[in-house]
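Chemist: One structure is given below, represented as structure tokens, and several questions about it will come after.
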Amino acid sequence: MDVTVIGSCNTDLISYVPRLPQPGETLHGTKFAIGFGGKGANQCIVAARLGAKTAMIAKVGDDTFGKDYIQNFKDNEVMIEYVGVTSEAGTGVAPICVNQEGQNSIVIVAGANLLLTGDDIRAAEDVVKESKIIICQLEIPAQSTLTALKLAKKHNVMSIFNPAPAQSGLANELFTECDIICANETEAEILTGLPVKTKEEAFKATLALLDKGCRVVILTLGLMGSVFASKENLTPKHVPAQSVAAVDTTGAGDAFVGALAYYLSNEPSLTLEKIIQRSTVVASISVQSPGTQTSFPWKKDLPTELFS
């Protein structure tokens, strides 16, 4: 495999609304859609659509959503040997509201995702050790994510840890066992206790995350682009983003992470800055269409200059 993702599968239940509702308020929506989501699966699908050979390690429920999700992986040519099916919980769901500016609010009911165990991941050791990159997040149990990161390190496989949804008080091993942390500004604030409202504040948060023990930190900052730094180069660098008209920002961070994994595995001669620039373009394209995976582009539809 080029990219193996250990993470979540959720069915998105998307309501488009004039604005995000206040507590206790009922709003009339303008449109409703059902789609495929979950941070892990999203990142896997992006990498696959860009051309990476991908595998997914996950768990879905023995229900209609789960069956549909397995077919979705097949349709995107993702290896599903280690996508387990359980009757003990339903497939994860994510009710989402999207306002007219493309901003969203999301509730996750994890379901079967929380039943993905360390034993499940160790059973997939063969595919992990033969991968170029693994990606992990926090929509499965943190201990399972740690098992995956340790397994990757054991076999000298590069790992990307996307600490989302962010949690305070994470075990320090999650930072020391991964190679690259990729977080957004909200996640960085929770993980460091520092404000991340400006580029300069993002620089400080980047260094604070490096101090936790990973090799590379990338912070995505929405319209402000990204900043990154590494143990080898402790001077944070800013990568700007092109301004686009956002229709729906759901999944933009996942588009970035999936693209990051694709470029690291398939175009390793590129500098990290160039890889971040190209991943930012892929994410910016995704926000210009509605939905989550429905907005993720295929390689054939992207500018040829994004591929060397």
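Letters for chains follow the order of the structure tokens (A, B, ...), residue numbers begin at 1 for each chain, and ligand numbers begin at 1 in the order shown.
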Residues at most 9 Å from Ser159 of chain A, counting only C-alpha atoms, excluding those fewer than 4 positions away in the same chain, as an NGL selection string?
Modeler: :A and (132-136 or 149 or 152-153 or 177-181)
Chemist: Go through segment 130-243 of chain A and flag each residue having an atom no more than 12 Å from segment 38-53 of chain A; for those, report the closest pair of atoms plus their distance in Å to one decimal, using only C-alpha atoms, ordered by chain and rising number, as CSV.
Modeler:
residue,atom,partner,partner_atom,distance
A:Glu130,CA,A:Lys53,CA,11.5
A:Ser131,CA,A:Lys53,CA,9.3
A:Lys132,CA,A:Lys53,CA,10.0
A:Ile133,CA,A:Ala52,CA,10.4
A:Ile134,CA,A:Cys44,CA,9.9
A:Ile135,CA,A:Gly40,CA,7.7
A:Cys136,CA,A:Gly40,CA,7.0
A:Gln137,CA,A:Gly40,CA,6.7
A:Leu138,CA,A:Lys39,CA,8.7
A:Glu139,CA,A:Lys39,CA,7.3
A:Ile140,CA,A:Gly40,CA,9.1
A:Thr145,CA,A:Gly40,CA,11.2
A:Ile160,CA,A:Gln43,CA,11.0
A:Phe161,CA,A:Gly40,CA,10.8
A:Asn162,CA,A:Lys39,CA,9.0
A:Pro163,CA,A:Lys39,CA,10.4
A:Ala164,CA,A:Lys39,CA,8.1
A:Pro165,CA,A:Lys39,CA,9.2
Chemist: Report the residues of segment 146-283 of chain A whose backbone DSSP state falls under strand (DSSP E), written as a count of residues only.
Modeler: 22
Chemist: Calculated over only C-alpha atoms, which of the candidates A:Pro268, A:Gly258, A:Gly66, A:Pro303 has the smallest distance to Thr54 of chain A?
Modeler: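 Counting only C-alpha atoms, the residue closest to Thr54 of chain A is A:Gly258.
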Chemist: Would you work out the distance separating atom CA of Gly29 of chain A from atom CA of Pro95 of chain A, expressed in Å to one decimal?
Modeler: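 Computing it gives 13.2 Å between the two atoms.
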Chemist: Quick one: everything within 6 Å of segment 32-37 of chain A, counting only C-alpha atoms, minus sequence neighbours fewer than 3 positions away in the same chain. Send it as JSON, numbers by chain.
Modeler: {"A": [10, 11, 12, 13, 14, 15, 42]}
Chemist: For Ser279 of chain A, work out the shell of residues within 7 Å, counting only C-alpha atoms and skipping chain neighbours fewer than 4 positions away, then give it as number ranges by chain.
Modeler: A: 256, 259-260, 275, 283
Chemist: For the selection you just gave me, I'd like the residues written to a file as a PDB file, in the first residue's frame, keeping N, CA and C atoms.
Modeler:
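So the final result, stored in part-v5.pdb, reads:
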ATOM      1  N   PHE A 256      -7.128  17.868   2.887  1.00  0.00           N
ATOM      2  CA  PHE A 256      -5.721  18.265   3.033  1.00  0.00           C
ATOM      3  C   PHE A 256      -4.876  17.086   3.500  1.00  0.00           C
ATOM      4  N   ALA A 259      -4.504  14.381   0.834  1.00  0.00           N
ATOM      5  CA  ALA A 259      -3.581  14.833  -0.209  1.00  0.00           C
ATOM      6  C   ALA A 259      -2.144  14.819   0.295  1.00  0.00           C
ATOM      7  N   LEU A 260      -1.950  15.243   1.538  1.00  0.00           N
ATOM      8  CA  LEU A 260      -0.624  15.218   2.141  1.00  0.00           C
ATOM      9  C   LEU A 260      -0.034  13.810   2.081  1.00  0.00           C
ATOM     10  N   ILE A 275       4.687  20.175  -1.095  1.00  0.00           N
ATOM     11  CA  ILE A 275       3.625  19.204  -0.801  1.00  0.00           C
ATOM     12  C   ILE A 275       2.459  19.891  -0.085  1.00  0.00           C
ATOM     13  N   ALA A 283      -7.531  20.853  -1.062  1.00  0.00           N
ATOM     14  CA  ALA A 283      -8.536  21.203  -0.057  1.00  0.00           C
ATOM     15  C   ALA A 283      -9.403  22.368  -0.519  1.00  0.00           C
TER      16      ALA A 283
END
Chemist: Assign secondary structure with DSSP using the backbone only, and return the residues of segment 11-102 of chain A in alpha helix (DSSP H) as a PyMOL selection string.
Modeler: chain A and resi 39-50+64-75
Chemist: With N, CA and C atoms kept, could you save the residues just selected as a PDB file, in the first residue's frame?
Modeler:
ATOM      1  N   LYS A  39     -13.627  10.949   9.469  1.00  0.00           N
ATOM      2  CA  LYS A  39     -12.319  11.504   9.138  1.00  0.00           C
ATOM      3  C   LYS A  39     -11.399  10.470   8.501  1.00  0.00           C
ATOM      4  N   GLY A  40     -11.371   9.274   9.075  1.00  0.00           N
ATOM      5  CA  GLY A  40     -10.488   8.262   8.527  1.00  0.00           C
ATOM      6  C   GLY A  40     -10.833   7.913   7.091  1.00  0.00           C
ATOM      7  N   ALA A  41     -12.092   7.571   6.861  1.00  0.00           N
ATOM      8  CA  ALA A  41     -12.513   7.190   5.515  1.00  0.00           C
ATOM      9  C   ALA A  41     -12.352   8.345   4.536  1.00  0.00           C
ATOM     10  N   ASN A  42     -12.680   9.564   4.971  1.00  0.00           N
ATOM     11  CA  ASN A  42     -12.506  10.718   4.084  1.00  0.00           C
ATOM     12  C   ASN A  42     -11.063  10.831   3.597  1.00  0.00           C
ATOM     13  N   GLN A  43     -10.133  10.737   4.528  1.00  0.00           N
ATOM     14  CA  GLN A  43      -8.725  10.889   4.173  1.00  0.00           C
ATOM     15  C   GLN A  43      -8.276   9.773   3.236  1.00  0.00           C
ATOM     16  N   CYS A  44      -8.793   8.573   3.477  1.00  0.00           N
ATOM     17  CA  CYS A  44      -8.482   7.433   2.622  1.00  0.00           C
ATOM     18  C   CYS A  44      -9.016   7.649   1.203  1.00  0.00           C
ATOM     19  N   ILE A  45     -10.250   8.124   1.093  1.00  0.00           N
ATOM     20  CA  ILE A  45     -10.865   8.335  -0.223  1.00  0.00           C
ATOM     21  C   ILE A  45     -10.115   9.405  -1.011  1.00  0.00           C
ATOM     22  N   VAL A  46      -9.700  10.484  -0.348  1.00  0.00           N
ATOM     23  CA  VAL A  46      -8.944  11.528  -1.048  1.00  0.00           C
ATOM     24  C   VAL A  46      -7.651  10.961  -1.612  1.00  0.00           C
ATOM     25  N   ALA A  47      -6.893  10.241  -0.779  1.00  0.00           N
ATOM     26  CA  ALA A  47      -5.633   9.662  -1.245  1.00  0.00           C
ATOM     27  C   ALA A  47      -5.871   8.724  -2.419  1.00  0.00           C
ATOM     28  N   ALA A  48      -6.940   7.926  -2.339  1.00  0.00           N
ATOM     29  CA  ALA A  48      -7.250   6.986  -3.421  1.00  0.00           C
ATOM     30  C   ALA A  48      -7.599   7.719  -4.707  1.00  0.00           C
ATOM     31  N   ARG A  49      -8.407   8.767  -4.611  1.00  0.00           N
ATOM     32  CA  ARG A  49      -8.818   9.494  -5.819  1.00  0.00           C
ATOM     33  C   ARG A  49      -7.653  10.229  -6.473  1.00  0.00           C
ATOM     34  N   LEU A  50      -6.647  10.574  -5.687  1.00  0.00           N
ATOM     35  CA  LEU A  50      -5.470  11.221  -6.266  1.00  0.00           C
ATOM     36  C   LEU A  50      -4.536  10.213  -6.923  1.00  0.00           C
ATOM     37  N   THR A  64     -27.589  -1.143   7.031  1.00  0.00           N
ATOM     38  CA  THR A  64     -27.596  -0.602   5.665  1.00  0.00           C
ATOM     39  C   THR A  64     -26.464   0.389   5.458  1.00  0.00           C
ATOM     40  N   PHE A  65     -26.228   1.282   6.447  1.00  0.00           N
ATOM     41  CA  PHE A  65     -25.144   2.249   6.309  1.00  0.00           C
ATOM     42  C   PHE A  65     -23.803   1.535   6.157  1.00  0.00           C
ATOM     43  N   GLY A  66     -23.593   0.457   6.914  1.00  0.00           N
ATOM     44  CA  GLY A  66     -22.337  -0.267   6.832  1.00  0.00           C
ATOM     45  C   GLY A  66     -22.139  -0.943   5.483  1.00  0.00           C
ATOM     46  N   LYS A  67     -23.192  -1.598   4.994  1.00  0.00           N
ATOM     47  CA  LYS A  67     -23.109  -2.260   3.682  1.00  0.00           C
ATOM     48  C   LYS A  67     -22.834  -1.239   2.581  1.00  0.00           C
ATOM     49  N   ASP A  68     -23.515  -0.088   2.660  1.00  0.00           N
ATOM     50  CA  ASP A  68     -23.290   0.950   1.656  1.00  0.00           C
ATOM     51  C   ASP A  68     -21.855   1.470   1.720  1.00  0.00           C
ATOM     52  N   TYR A  69     -21.323   1.553   2.947  1.00  0.00           N
ATOM     53  CA  TYR A  69     -19.973   2.085   3.081  1.00  0.00           C
ATOM     54  C   TYR A  69     -18.931   1.146   2.474  1.00  0.00           C
ATOM     55  N   ILE A  70     -19.100  -0.140   2.696  1.00  0.00           N
ATOM     56  CA  ILE A  70     -18.166  -1.101   2.102  1.00  0.00           C
ATOM     57  C   ILE A  70     -18.212  -1.021   0.573  1.00  0.00           C
ATOM     58  N   GLN A  71     -19.400  -0.857   0.026  1.00  0.00           N
ATOM     59  CA  GLN A  71     -19.502  -0.692  -1.425  1.00  0.00           C
ATOM     60  C   GLN A  71     -18.826   0.594  -1.878  1.00  0.00           C
ATOM     61  N   ASN A  72     -18.933   1.650  -1.066  1.00  0.00           N
ATOM     62  CA  ASN A  72     -18.284   2.908  -1.404  1.00  0.00           C
ATOM     63  C   ASN A  72     -16.769   2.738  -1.475  1.00  0.00           C
ATOM     64  N   PHE A  73     -16.199   1.987  -0.544  1.00  0.00           N
ATOM     65  CA  PHE A  73     -14.762   1.721  -0.612  1.00  0.00           C
ATOM     66  C   PHE A  73     -14.406   0.975  -1.899  1.00  0.00           C
ATOM     67  N   LYS A  74     -15.221  -0.014  -2.242  1.00  0.00           N
ATOM     68  CA  LYS A  74     -14.968  -0.758  -3.483  1.00  0.00           C
ATOM     69  C   LYS A  74     -15.025   0.166  -4.691  1.00  0.00           C
ATOM     70  N   ASP A  75     -16.009   1.057  -4.705  1.00  0.00           N
ATOM     71  CA  ASP A  75     -16.165   1.980  -5.829  1.00  0.00           C
ATOM     72  C   ASP A  75     -14.964   2.902  -5.976  1.00  0.00           C
TER      73      ASP A  75
END
